[in-house]
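Participant: I'm passing along data-v5.cif; it holds mmCIF, C-alpha atoms.
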```
data_entry
#
loop_
_atom_site.group_PDB
_atom_site.id
_atom_site.type_symbol
_atom_site.label_atom_id
_atom_site.label_comp_id
_atom_site.auth_asym_id
_atom_site.auth_seq_id
_atom_site.Cartn_x
_atom_site.Cartn_y
_atom_site.Cartn_z
ATOM 1 C CA MET B 85 -125.073 92.828 -65.052
ATOM 2 C CA PRO B 86 -128.658 92.188 -63.837
ATOM 3 C CA ASP B 87 -129.171 92.975 -60.155
ATOM 4 C CA PRO B 88 -131.178 90.292 -58.282
ATOM 5 C CA LEU B 89 -132.592 92.971 -55.989
ATOM 6 C CA HIS B 90 -134.188 94.649 -59.014
ATOM 7 C CA TRP B 91 -135.716 91.263 -59.844
ATOM 8 C CA VAL B 92 -137.086 91.074 -56.288
ATOM 9 C CA GLU B 93 -138.743 94.446 -56.776
ATOM 10 C CA ARG B 94 -140.295 93.316 -60.065
ATOM 11 C CA LEU B 95 -141.677 90.160 -58.442
ATOM 12 C CA THR B 96 -143.096 91.836 -55.353
ATOM 13 C CA GLY B 97 -144.088 95.217 -56.749
ATOM 14 C CA GLY B 98 -142.260 96.905 -53.869
ATOM 15 C CA THR B 99 -139.006 98.645 -53.062
ATOM 16 C CA VAL B 100 -136.067 96.859 -51.450
ATOM 17 C CA THR B 101 -135.054 98.812 -48.354
ATOM 18 C CA ARG B 102 -132.487 96.434 -46.882
ATOM 19 C CA ALA B 103 -130.600 93.269 -47.775
ATOM 20 C CA GLU B 104 -128.270 91.373 -45.433
ATOM 21 C CA ARG B 105 -126.417 88.079 -45.669
ATOM 22 C CA LEU B 106 -127.653 85.152 -43.604
ATOM 23 C CA ARG B 107 -125.125 82.826 -41.972
ATOM 24 C CA GLY B 108 -125.003 79.056 -42.068
ATOM 25 C CA GLY B 109 -125.077 78.069 -45.755
ATOM 26 C CA TRP B 110 -122.347 76.922 -48.128
ATOM 27 C CA THR B 111 -124.063 75.994 -51.396
ATOM 28 C CA SER B 112 -125.672 79.419 -51.835
ATOM 29 C CA GLU B 113 -125.554 83.034 -50.828
ATOM 30 C CA MET B 114 -128.617 83.587 -48.653
ATOM 31 C CA ARG B 115 -129.918 87.103 -48.044
ATOM 32 C CA ARG B 116 -132.696 88.481 -45.905
ATOM 33 C CA VAL B 117 -134.414 91.119 -48.035
ATOM 34 C CA GLU B 118 -136.818 93.700 -46.645
ATOM 35 C CA VAL B 119 -139.312 95.100 -49.141
ATOM 36 C CA ASP B 120 -141.539 98.126 -48.699
ATOM 37 C CA LEU B 121 -144.970 97.228 -50.130
ATOM 38 C CA PRO B 122 -148.182 99.257 -50.388
ATOM 39 C CA HIS B 123 -149.691 97.314 -47.470
ATOM 40 C CA GLY B 124 -146.534 97.506 -45.347
ATOM 41 C CA SER B 125 -143.065 96.003 -45.082
ATOM 42 C CA GLN B 126 -142.413 92.313 -45.728
ATOM 43 C CA THR B 127 -139.238 90.262 -45.416
ATOM 44 C CA PHE B 128 -138.186 87.596 -47.900
ATOM 45 C CA VAL B 129 -135.221 85.274 -48.342
ATOM 46 C CA LEU B 130 -133.225 85.368 -51.565
ATOM 47 C CA ARG B 131 -131.182 82.283 -52.447
ATOM 48 C CA THR B 132 -128.474 82.880 -55.064
ATOM 49 C CA PHE B 133 -126.122 80.194 -56.336
ATOM 50 C CA VAL B 134 -122.554 81.480 -56.552
ATOM 51 C CA ASP B 135 -120.477 78.279 -56.380
ATOM 52 C CA GLU B 136 -119.498 77.170 -59.884
ATOM 53 C CA PHE B 137 -120.708 73.589 -59.385
ATOM 54 C CA PHE B 138 -124.147 74.642 -58.181
ATOM 55 C CA VAL B 139 -124.489 77.338 -60.826
ATOM 56 C CA LYS B 140 -123.905 74.631 -63.429
ATOM 57 C CA HIS B 141 -126.719 72.509 -61.975
ATOM 58 C CA ALA B 142 -128.942 75.400 -60.927
ATOM 59 C CA HIS B 143 -131.754 74.774 -63.398
ATOM 60 C CA GLY B 144 -132.563 71.355 -61.972
ATOM 61 C CA LEU B 145 -131.934 72.291 -58.355
ATOM 62 C CA LEU B 146 -133.925 75.520 -58.219
ATOM 63 C CA THR B 147 -136.849 74.386 -60.359
ATOM 64 C CA ARG B 148 -137.077 71.303 -58.140
ATOM 65 C CA GLU B 149 -137.066 73.402 -54.974
ATOM 66 C CA ALA B 150 -139.707 75.775 -56.334
ATOM 67 C CA LYS B 151 -141.959 72.840 -57.221
ATOM 68 C CA VAL B 152 -141.462 71.158 -53.848
ATOM 69 C CA LEU B 153 -142.253 74.360 -51.937
ATOM 70 C CA ASP B 154 -145.504 74.620 -53.877
ATOM 71 C CA GLN B 155 -146.339 70.994 -53.056
ATOM 72 C CA LEU B 156 -145.658 71.519 -49.353
ATOM 73 C CA ALA B 157 -147.997 74.504 -49.132
ATOM 74 C CA ASP B 158 -150.959 72.232 -48.323
ATOM 75 C CA THR B 159 -149.130 70.116 -45.743
ATOM 76 C CA ASP B 160 -148.200 70.602 -42.102
ATOM 77 C CA VAL B 161 -144.481 70.745 -42.934
ATOM 78 C CA PRO B 162 -143.207 74.248 -42.058
ATOM 79 C CA ALA B 163 -141.643 75.276 -45.363
ATOM 80 C CA ALA B 164 -141.351 78.636 -47.076
ATOM 81 C CA ALA B 165 -143.590 79.713 -49.939
ATOM 82 C CA CYS B 166 -141.920 80.228 -53.301
ATOM 83 C CA VAL B 167 -142.384 83.763 -54.629
ATOM 84 C CA GLY B 168 -140.398 83.377 -57.836
ATOM 85 C CA VAL B 169 -137.506 81.494 -59.416
ATOM 86 C CA ASP B 170 -134.896 82.512 -61.985
ATOM 87 C CA ALA B 171 -133.143 79.176 -62.422
ATOM 88 C CA ASP B 172 -131.385 80.191 -65.642
ATOM 89 C CA ALA B 173 -130.233 83.660 -64.513
ATOM 90 C CA LEU B 174 -132.344 85.458 -67.100
ATOM 91 C CA TYR B 175 -133.053 88.376 -64.763
ATOM 92 C CA CYS B 176 -130.338 88.030 -62.112
ATOM 93 C CA ASP B 177 -126.562 87.903 -62.257
ATOM 94 C CA GLN B 178 -126.711 84.334 -60.894
ATOM 95 C CA PRO B 179 -129.487 81.688 -60.617
ATOM 96 C CA SER B 180 -131.806 82.719 -57.798
ATOM 97 C CA LEU B 181 -134.990 81.863 -55.918
ATOM 98 C CA LEU B 182 -137.109 84.192 -53.803
ATOM 99 C CA MET B 183 -139.160 82.771 -50.939
ATOM 100 C CA THR B 184 -140.965 83.910 -47.829
ATOM 101 C CA LEU B 185 -139.080 84.215 -44.538
ATOM 102 C CA LEU B 186 -139.649 81.519 -41.930
ATOM 103 C CA PRO B 187 -139.413 82.316 -38.210
ATOM 104 C CA GLY B 188 -136.656 80.887 -36.027
ATOM 105 C CA VAL B 189 -132.917 80.324 -36.119
ATOM 106 C CA VAL B 190 -130.492 77.449 -36.706
ATOM 107 C CA HIS B 191 -128.982 75.857 -33.595
ATOM 108 C CA VAL B 192 -125.818 73.748 -33.728
ATOM 109 C CA GLU B 193 -124.493 74.377 -30.222
ATOM 110 C CA GLU B 194 -124.161 71.606 -27.650
ATOM 111 C CA ALA B 195 -126.564 73.188 -25.149
ATOM 112 C CA GLY B 196 -130.054 71.820 -25.648
ATOM 113 C CA ALA B 197 -128.965 69.398 -28.376
ATOM 114 C CA ALA B 198 -130.754 66.394 -26.867
ATOM 115 C CA ASP B 199 -134.130 68.135 -26.793
ATOM 116 C CA ARG B 200 -133.667 69.457 -30.311
ATOM 117 C CA THR B 201 -132.800 65.970 -31.582
ATOM 118 C CA HIS B 202 -136.175 64.678 -30.403
ATOM 119 C CA GLU B 203 -137.808 67.525 -32.331
ATOM 120 C CA LEU B 204 -135.750 66.668 -35.404
ATOM 121 C CA ALA B 205 -136.971 63.071 -35.255
ATOM 122 C CA ARG B 206 -140.608 64.154 -35.027
ATOM 123 C CA GLN B 207 -140.205 66.582 -37.906
ATOM 124 C CA LEU B 208 -138.510 64.048 -40.169
ATOM 125 C CA ALA B 209 -141.281 61.541 -39.472
ATOM 126 C CA ALA B 210 -143.801 64.204 -40.548
ATOM 127 C CA ILE B 211 -141.886 64.885 -43.779
ATOM 128 C CA HIS B 212 -141.943 61.194 -44.646
ATOM 129 C CA ARG B 213 -145.744 61.183 -44.283
ATOM 130 C CA VAL B 214 -146.092 63.654 -47.170
ATOM 131 C CA LYS B 215 -147.802 62.120 -50.181
ATOM 132 C CA PRO B 216 -146.992 64.435 -53.100
ATOM 133 C CA ALA B 217 -149.310 64.628 -56.087
ATOM 134 C CA GLU B 218 -146.230 64.010 -58.213
ATOM 135 C CA ARG B 219 -143.230 62.072 -56.991
ATOM 136 C CA PRO B 220 -139.858 63.834 -57.043
ATOM 137 C CA ARG B 221 -136.901 62.222 -58.814
ATOM 138 C CA GLU B 222 -135.452 58.957 -57.509
ATOM 139 C CA TYR B 223 -132.696 59.445 -54.938
ATOM 140 C CA GLN B 224 -129.106 59.632 -56.101
ATOM 141 C CA PRO B 225 -126.285 58.178 -53.951
ATOM 142 C CA TRP B 226 -123.637 60.734 -53.052
ATOM 143 C CA THR B 227 -120.753 58.260 -53.041
ATOM 144 C CA ALA B 228 -119.781 54.762 -54.155
ATOM 145 C CA PRO B 229 -117.054 52.307 -53.117
ATOM 146 C CA ASP B 230 -114.637 53.529 -55.774
ATOM 147 C CA ARG B 231 -115.351 57.206 -55.065
ATOM 148 C CA VAL B 232 -114.763 57.245 -51.294
ATOM 149 C CA ARG B 233 -111.925 59.558 -50.306
ATOM 150 C CA VAL B 234 -110.087 57.794 -47.508
ATOM 151 C CA PRO B 235 -107.975 60.235 -45.463
ATOM 152 C CA SER B 236 -104.271 59.864 -46.124
ATOM 153 C CA ALA B 237 -103.409 60.044 -42.442
ATOM 154 C CA THR B 238 -105.566 57.713 -40.380
ATOM 155 C CA GLY B 239 -104.941 55.440 -37.441
ATOM 156 C CA ARG B 240 -107.931 53.284 -38.397
ATOM 157 C CA PRO B 241 -107.306 52.009 -41.978
ATOM 158 C CA GLY B 242 -109.216 48.807 -41.232
ATOM 159 C CA VAL B 243 -112.369 50.744 -40.398
ATOM 160 C CA TRP B 244 -112.293 52.528 -43.726
ATOM 161 C CA ALA B 245 -111.597 49.330 -45.652
ATOM 162 C CA ASP B 246 -114.449 47.454 -43.957
ATOM 163 C CA ALA B 247 -116.880 50.336 -44.438
ATOM 164 C CA VAL B 248 -116.076 50.653 -48.140
ATOM 165 C CA ASP B 249 -116.314 46.886 -48.650
ATOM 166 C CA TYR B 250 -119.779 46.911 -47.093
ATOM 167 C CA LEU B 251 -121.008 49.138 -49.912
ATOM 168 C CA ARG B 252 -119.944 46.686 -52.591
ATOM 169 C CA ARG B 253 -123.190 44.752 -52.181
ATOM 170 C CA GLU B 254 -126.354 45.563 -54.093
ATOM 171 C CA PRO B 255 -128.410 48.349 -52.469
ATOM 172 C CA PRO B 256 -131.184 46.881 -50.308
ATOM 173 C CA ALA B 257 -134.741 46.841 -51.603
ATOM 174 C CA TYR B 258 -136.914 49.544 -50.083
ATOM 175 C CA GLU B 259 -140.388 51.026 -50.005
ATOM 176 C CA GLY B 260 -140.122 54.562 -51.325
ATOM 177 C CA ALA B 261 -140.927 57.699 -49.359
ATOM 178 C CA PHE B 262 -140.835 61.461 -49.859
ATOM 179 C CA LEU B 263 -137.319 62.509 -48.790
ATOM 180 C CA HIS B 264 -135.941 65.912 -47.901
ATOM 181 C CA ARG B 265 -132.577 64.315 -48.758
ATOM 182 C CA ASP B 266 -130.475 66.919 -46.903
ATOM 183 C CA PHE B 267 -132.187 66.916 -43.522
ATOM 184 C CA HIS B 268 -129.813 67.887 -40.708
ATOM 185 C CA PRO B 269 -129.641 70.499 -37.914
ATOM 186 C CA GLY B 270 -128.238 73.143 -40.264
ATOM 187 C CA ASN B 271 -131.394 73.027 -42.384
ATOM 188 C CA VAL B 272 -133.913 73.231 -39.551
ATOM 189 C CA LEU B 273 -135.065 76.395 -37.791
ATOM 190 C CA PHE B 274 -136.149 76.486 -34.152
ATOM 191 C CA ASP B 275 -138.303 79.001 -32.340
ATOM 192 C CA ASP B 276 -138.823 78.657 -28.586
ATOM 193 C CA GLY B 277 -137.544 75.085 -28.633
ATOM 194 C CA ARG B 278 -139.841 73.849 -31.419
ATOM 195 C CA VAL B 279 -139.196 73.353 -35.117
ATOM 196 C CA SER B 280 -140.451 76.429 -36.946
ATOM 197 C CA GLY B 281 -139.090 75.792 -40.427
ATOM 198 C CA VAL B 282 -137.289 73.336 -42.694
ATOM 199 C CA VAL B 283 -135.223 74.825 -45.510
ATOM 200 C CA ASP B 284 -133.073 73.795 -48.497
ATOM 201 C CA TRP B 285 -135.290 71.497 -50.564
ATOM 202 C CA VAL B 286 -133.117 71.405 -53.681
ATOM 203 C CA GLU B 287 -132.217 67.721 -53.245
ATOM 204 C CA THR B 288 -135.737 66.440 -52.514
ATOM 205 C CA SER B 289 -136.046 62.860 -53.760
ATOM 206 C CA TRP B 290 -138.003 59.633 -53.607
ATOM 207 C CA GLY B 291 -136.235 56.798 -51.819
ATOM 208 C CA PRO B 292 -135.715 54.892 -48.556
ATOM 209 C CA ALA B 293 -136.624 56.714 -45.346
ATOM 210 C CA ASP B 294 -133.426 55.160 -43.985
ATOM 211 C CA LEU B 295 -131.396 57.516 -46.159
ATOM 212 C CA ASP B 296 -132.848 60.689 -44.602
ATOM 213 C CA VAL B 297 -132.416 59.147 -41.152
ATOM 214 C CA ALA B 298 -128.829 58.239 -42.017
ATOM 215 C CA HIS B 299 -127.988 61.743 -43.216
ATOM 216 C CA CYS B 300 -129.243 63.377 -40.043
ATOM 217 C CA SER B 301 -127.498 60.699 -37.986
ATOM 218 C CA THR B 302 -124.135 61.452 -39.587
ATOM 219 C CA ALA B 303 -124.545 65.190 -39.002
ATOM 220 C CA LEU B 304 -125.488 64.622 -35.357
ATOM 221 C CA ALA B 305 -122.471 62.352 -34.861
ATOM 222 C CA LEU B 306 -120.180 65.057 -36.239
ATOM 223 C CA LEU B 307 -121.826 67.843 -34.280
ATOM 224 C CA HIS B 308 -122.519 66.164 -30.962
ATOM 225 C CA GLY B 309 -120.684 62.839 -30.873
ATOM 226 C CA VAL B 310 -121.125 59.227 -31.944
ATOM 227 C CA GLU B 311 -123.857 58.424 -29.428
ATOM 228 C CA ALA B 312 -126.006 61.297 -30.676
ATOM 229 C CA GLY B 313 -125.727 59.967 -34.206
ATOM 230 C CA ARG B 314 -126.374 56.337 -33.326
ATOM 231 C CA GLU B 315 -129.515 56.997 -31.277
ATOM 232 C CA PHE B 316 -131.307 59.025 -33.951
ATOM 233 C CA SER B 317 -132.724 55.972 -35.739
ATOM 234 C CA SER B 318 -134.426 54.883 -32.518
ATOM 235 C CA LEU B 319 -135.753 58.373 -31.851
ATOM 236 C CA TYR B 320 -137.163 58.518 -35.373
ATOM 237 C CA ALA B 321 -138.910 55.172 -34.904
ATOM 238 C CA ALA B 322 -140.326 56.293 -31.534
ATOM 239 C CA ALA B 323 -141.630 59.462 -33.193
ATOM 240 C CA GLY B 324 -143.837 57.434 -35.522
ATOM 241 C CA GLY B 325 -141.549 57.397 -38.527
ATOM 242 C CA ARG B 326 -141.744 54.894 -41.344
ATOM 243 C CA GLU B 327 -140.535 51.372 -40.702
ATOM 244 C CA LEU B 328 -136.779 51.267 -41.199
ATOM 245 C CA ALA B 329 -134.815 48.437 -42.794
ATOM 246 C CA ARG B 330 -133.590 45.482 -40.792
ATOM 247 C CA ALA B 331 -130.190 45.811 -39.132
ATOM 248 C CA ASP B 332 -127.881 44.772 -41.992
ATOM 249 C CA ASP B 333 -129.773 46.800 -44.584
ATOM 250 C CA HIS B 334 -130.082 49.848 -42.329
ATOM 251 C CA ARG B 335 -126.321 49.625 -41.787
ATOM 252 C CA TYR B 336 -125.855 49.910 -45.557
ATOM 253 C CA TRP B 337 -127.739 53.234 -45.686
ATOM 254 C CA LEU B 338 -125.885 54.549 -42.635
ATOM 255 C CA LEU B 339 -122.520 53.779 -44.250
ATOM 256 C CA LEU B 340 -123.572 55.071 -47.671
ATOM 257 C CA ASP B 341 -124.284 58.453 -46.130
ATOM 258 C CA ALA B 342 -121.369 58.605 -43.697
ATOM 259 C CA LEU B 343 -118.779 57.741 -46.341
ATOM 260 C CA ALA B 344 -120.000 60.626 -48.494
ATOM 261 C CA PHE B 345 -118.600 62.940 -45.797
ATOM 262 C CA ALA B 346 -115.076 61.544 -46.189
ATOM 263 C CA PRO B 347 -112.405 62.443 -45.569
ATOM 264 C CA ASP B 348 -113.208 65.108 -42.939
ATOM 265 C CA ALA B 349 -116.607 66.719 -43.555
ATOM 266 C CA GLU B 350 -114.854 70.025 -44.111
ATOM 267 C CA LYS B 351 -117.493 71.463 -46.455
ATOM 268 C CA VAL B 352 -120.442 70.912 -44.201
ATOM 269 C CA ALA B 353 -118.502 72.162 -41.186
ATOM 270 C CA ASP B 354 -117.778 75.588 -42.664
ATOM 271 C CA PRO B 355 -121.289 76.930 -41.985
ATOM 272 C CA TRP B 356 -121.296 75.251 -38.563
ATOM 273 C CA ARG B 357 -118.123 77.113 -37.643
ATOM 274 C CA ASP B 358 -119.738 80.258 -39.010
ATOM 275 C CA LEU B 359 -122.472 79.659 -36.423
ATOM 276 C CA GLY B 360 -119.964 79.413 -33.579
ATOM 277 C CA ARG B 361 -118.719 75.799 -33.594
ATOM 278 C CA ILE B 362 -115.060 76.727 -33.968
ATOM 279 C CA ASP B 363 -114.129 73.454 -32.238
ATOM 280 C CA LEU B 364 -115.023 71.525 -35.401
ATOM 281 C CA THR B 365 -111.571 71.434 -36.958
ATOM 282 C CA PRO B 366 -110.764 69.055 -39.855
ATOM 283 C CA GLU B 367 -108.769 66.795 -37.526
ATOM 284 C CA PHE B 368 -111.565 66.700 -34.945
ATOM 285 C CA LEU B 369 -114.173 65.895 -37.587
ATOM 286 C CA GLN B 370 -112.074 63.141 -39.146
ATOM 287 C CA ASP B 371 -111.714 61.493 -35.752
ATOM 288 C CA ARG B 372 -115.446 61.710 -35.078
ATOM 289 C CA LEU B 373 -116.275 60.363 -38.523
ATOM 290 C CA GLU B 374 -113.948 57.394 -38.067
ATOM 291 C CA LEU B 375 -115.353 56.617 -34.627
ATOM 292 C CA TYR B 376 -118.865 56.823 -36.049
ATOM 293 C CA LEU B 377 -117.998 54.443 -38.902
ATOM 294 C CA ALA B 378 -116.491 52.003 -36.404
ATOM 295 C CA SER B 379 -119.628 52.128 -34.289
ATOM 296 C CA ILE B 380 -121.867 51.374 -37.277
ATOM 297 C CA LEU B 381 -119.720 48.387 -38.253
ATOM 298 C CA ALA B 382 -119.696 47.125 -34.679
#
```
In structure tokens, write the structure found in this file.

Facilitator:
Amino acid sequence: MPDPLHWVERLTGGTVTRAERLRGGWTSEMRRVEVDLPHGSQTFVLRTFVDEFFVKHAHGLLTREAKVLDQLADTDVPAAACVGVDADALYCDQPSLLMTLLPGVVHVEEAGAADRTHELARQLAAIHRVKPAERPREYQPWTAPDRVRVPSATGRPGVWADAVDYLRREPPAYEGAFLHRDFHPGNVLFDDGRVSGVVDWVETSWGPADLDVAHCSTALALLHGVEAGREFSSLYAAAGGRELARADDHRYWLLLDALAFAPDAEKVADPWRDLGRIDLTPEFLQDRLELYLASILA
């Protein structure tokens, strides 16, 4: 079976001297790969899809990410450079993408969360200012009223019912923007308190800025509590972000994103626990998600 590390050597013209798994991801296997080159050693990041669902959709996801990374090269958004992509696993055992290594680490701990959230808001505003030469695909909703998985054991059935009913309206009109589409603390690197990199561009889309804001808001509510999630929209606006929808319409985007995490955000929490947040149990996350939904409806 083709070895992706041999592919790395073919792309770079060097010799792989070390490869180690990076923590914090769940859609892919991420490896830090050190390569000995004629001009010295260089470190890359190798993304390999191993989950059956993502392998099935790898062609679209990885070719999109490679294209977006190329488009971001001439912007002030701190993104990696694409070195090569094997979206159809022609040279690797699984679909893969090789990119440069960005400095910094992911932070999901409580300490310093408030300061980092301000940085997240500023970075997201900068992403939404990108004007790509070619627009990415239109956004795709990640849930719908009839697809929401309501937890079987909940003390707040009315909250779930009201939240789902709210989505039965037509989506609000919006002015499109360049979206990361999966912007949250787990996809942002920090170095000395400042954002040093934004990763995971496979879902990049064109759509309402509210949707990116909503996605980060939900993640912050799960990680750091309802108040942290609810204040992010205001922080984004204060950071010079795009004009967000009026209250009722903005509420729609907040609920559309939050309900996609139902019933307990277990998938997204796996990498967070891997980074030390062992307090984020399924029961704890379900409670936080329900409280967050109630706060949006209120």

Participant: Nearest residue to Pro86 in chain B out of B:Thr159, B:Ser180, B:Ser317, B:Gln224, using only C-alpha atoms?

Facilitator: B:Ser180

Participant: Which residues are close to range 239-249 of chain B, i.e. within 9 Å by all atoms listed in the file, leaving aside same-chain residues fewer than 6 positions away? Reply as a list in words.

Facilitator: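 Here the answer would be Ala228, Pro229, Asp230, Val232, Leu339, Leu340, Leu343, Glu374, Leu375, Leu377, Ala378, Ile380 and Leu381 of chain B.
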
Participant: Just checking: using all atoms listed in the file, which residue out of B:Trp337, B:Trp290, B:Phe316, B:Trp226 ends up closest to Pro256 in chain B?

Facilitator: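 Between B:Trp337, B:Trp290, B:Phe316, B:Trp226, the residue approaching Pro256 in chain B most closely is B:Trp337.
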
Participant: Would you please work out which residue, of B:Phe368, B:Tyr336, B:Phe133, B:Tyr223, is nearest to Leu251 in chain B when using only C-alpha atoms?

Facilitator: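 Closest residue, counting only C-alpha atoms: B:Tyr336.
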
Participant: Taking the file as shown, what set of residues would the PyMOL selection byres ((chain B and resi 132) around 7) give back, as a list in words?

Facilitator: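 That selection, the PyMOL selection byres ((chain B and resi 132) around 7), comes back as Ser112, Glu113, Met114, Leu130, Arg131, Phe133, Val134, Gln178, Pro179, Ser180 and Leu181 of chain B.
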
Participant: Keeping only C-alpha atoms, write those residues as a short mmCIF file (atom, residue, chain, number, x, y, z; two decimals), in the coordinates of the input.

Facilitator:
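The resulting file, part10.cif, is shown below:
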```cif
data_model
loop_
_atom_site.label_atom_id
_atom_site.label_comp_id
_atom_site.auth_asym_id
_atom_site.auth_seq_id
_atom_site.Cartn_x
_atom_site.Cartn_y
_atom_site.Cartn_z
CA SER B 112 -125.67 79.42 -51.84
CA GLU B 113 -125.55 83.03 -50.83
CA MET B 114 -128.62 83.59 -48.65
CA LEU B 130 -133.22 85.37 -51.56
CA ARG B 131 -131.18 82.28 -52.45
CA PHE B 133 -126.12 80.19 -56.34
CA VAL B 134 -122.55 81.48 -56.55
CA GLN B 178 -126.71 84.33 -60.89
CA PRO B 179 -129.49 81.69 -60.62
CA SER B 180 -131.81 82.72 -57.80
CA LEU B 181 -134.99 81.86 -55.92
#
```

Participant: Check what the PyMOL selection byres ((chain B and resi 287) around 7) selects in the file above and give those residues as a PyMOL selection string.

Facilitator: chain B and resi 145+264-266+285-286+288-289

Participant: So how far away is CA of Ala197 in chain B from CA of Thr365 in chain B, in Å?

Facilitator: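 Interatomic distance, CA of Thr365 in chain B to CA of Ala197 in chain B: 19.5 Å.
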
Participant: Which is closer to Val310 in chain B than all the others in B:Met183, B:Ala157, B:Leu373, B:Leu359, using only C-alpha atoms?

Facilitator: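 The closest residue to Val310 in chain B is B:Leu373.
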
Participant: Is it possible to get the residues within 12 Å of (-110.2, 64.6, -37.1) (coordinates as in the file, counting only C-alpha atoms) written as a PDB file with C-alpha atoms, in the frame of the given file?

Facilitator:
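So the final result, stored in part_3.pdb, reads:
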```pdb
ATOM      1  CA  PRO B 235    -107.975  60.235 -45.463  1.00  0.00           C
ATOM      2  CA  SER B 236    -104.271  59.864 -46.124  1.00  0.00           C
ATOM      3  CA  ALA B 237    -103.409  60.044 -42.442  1.00  0.00           C
ATOM      4  CA  THR B 238    -105.566  57.713 -40.380  1.00  0.00           C
ATOM      5  CA  GLY B 239    -104.941  55.440 -37.441  1.00  0.00           C
ATOM      6  CA  ARG B 240    -107.931  53.284 -38.397  1.00  0.00           C
ATOM      7  CA  LEU B 306    -120.180  65.057 -36.239  1.00  0.00           C
ATOM      8  CA  ALA B 346    -115.076  61.544 -46.189  1.00  0.00           C
ATOM      9  CA  PRO B 347    -112.405  62.443 -45.569  1.00  0.00           C
ATOM     10  CA  ASP B 348    -113.208  65.108 -42.939  1.00  0.00           C
ATOM     11  CA  ALA B 349    -116.607  66.719 -43.555  1.00  0.00           C
ATOM     12  CA  GLU B 350    -114.854  70.025 -44.111  1.00  0.00           C
ATOM     13  CA  ALA B 353    -118.502  72.162 -41.186  1.00  0.00           C
ATOM     14  CA  ASP B 363    -114.129  73.454 -32.238  1.00  0.00           C
ATOM     15  CA  LEU B 364    -115.023  71.525 -35.401  1.00  0.00           C
ATOM     16  CA  THR B 365    -111.571  71.434 -36.958  1.00  0.00           C
ATOM     17  CA  PRO B 366    -110.764  69.055 -39.855  1.00  0.00           C
ATOM     18  CA  GLU B 367    -108.769  66.795 -37.526  1.00  0.00           C
ATOM     19  CA  PHE B 368    -111.565  66.700 -34.945  1.00  0.00           C
ATOM     20  CA  LEU B 369    -114.173  65.895 -37.587  1.00  0.00           C
ATOM     21  CA  GLN B 370    -112.074  63.141 -39.146  1.00  0.00           C
ATOM     22  CA  ASP B 371    -111.714  61.493 -35.752  1.00  0.00           C
ATOM     23  CA  ARG B 372    -115.446  61.710 -35.078  1.00  0.00           C
ATOM     24  CA  LEU B 373    -116.275  60.363 -38.523  1.00  0.00           C
ATOM     25  CA  GLU B 374    -113.948  57.394 -38.067  1.00  0.00           C
ATOM     26  CA  LEU B 375    -115.353  56.617 -34.627  1.00  0.00           C
ATOM     27  CA  TYR B 376    -118.865  56.823 -36.049  1.00  0.00           C
TER      28      TYR B 376
END
```

Participant: Just checking: using only C-alpha atoms, which residue out of B:Pro216, B:Pro122, B:Gly324, B:Gly196 ends up closest to Asp158 in chain B?

Facilitator: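 Of B:Pro216, B:Pro122, B:Gly324, B:Gly196, the one nearest Asp158 in chain B, counting only C-alpha atoms, is B:Pro216.
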
Participant: Record the distance separating CA of Ser125 in chain B and CA of Val92 in chain B, expressed in Å with one decimal.

Facilitator: 13.6 Å
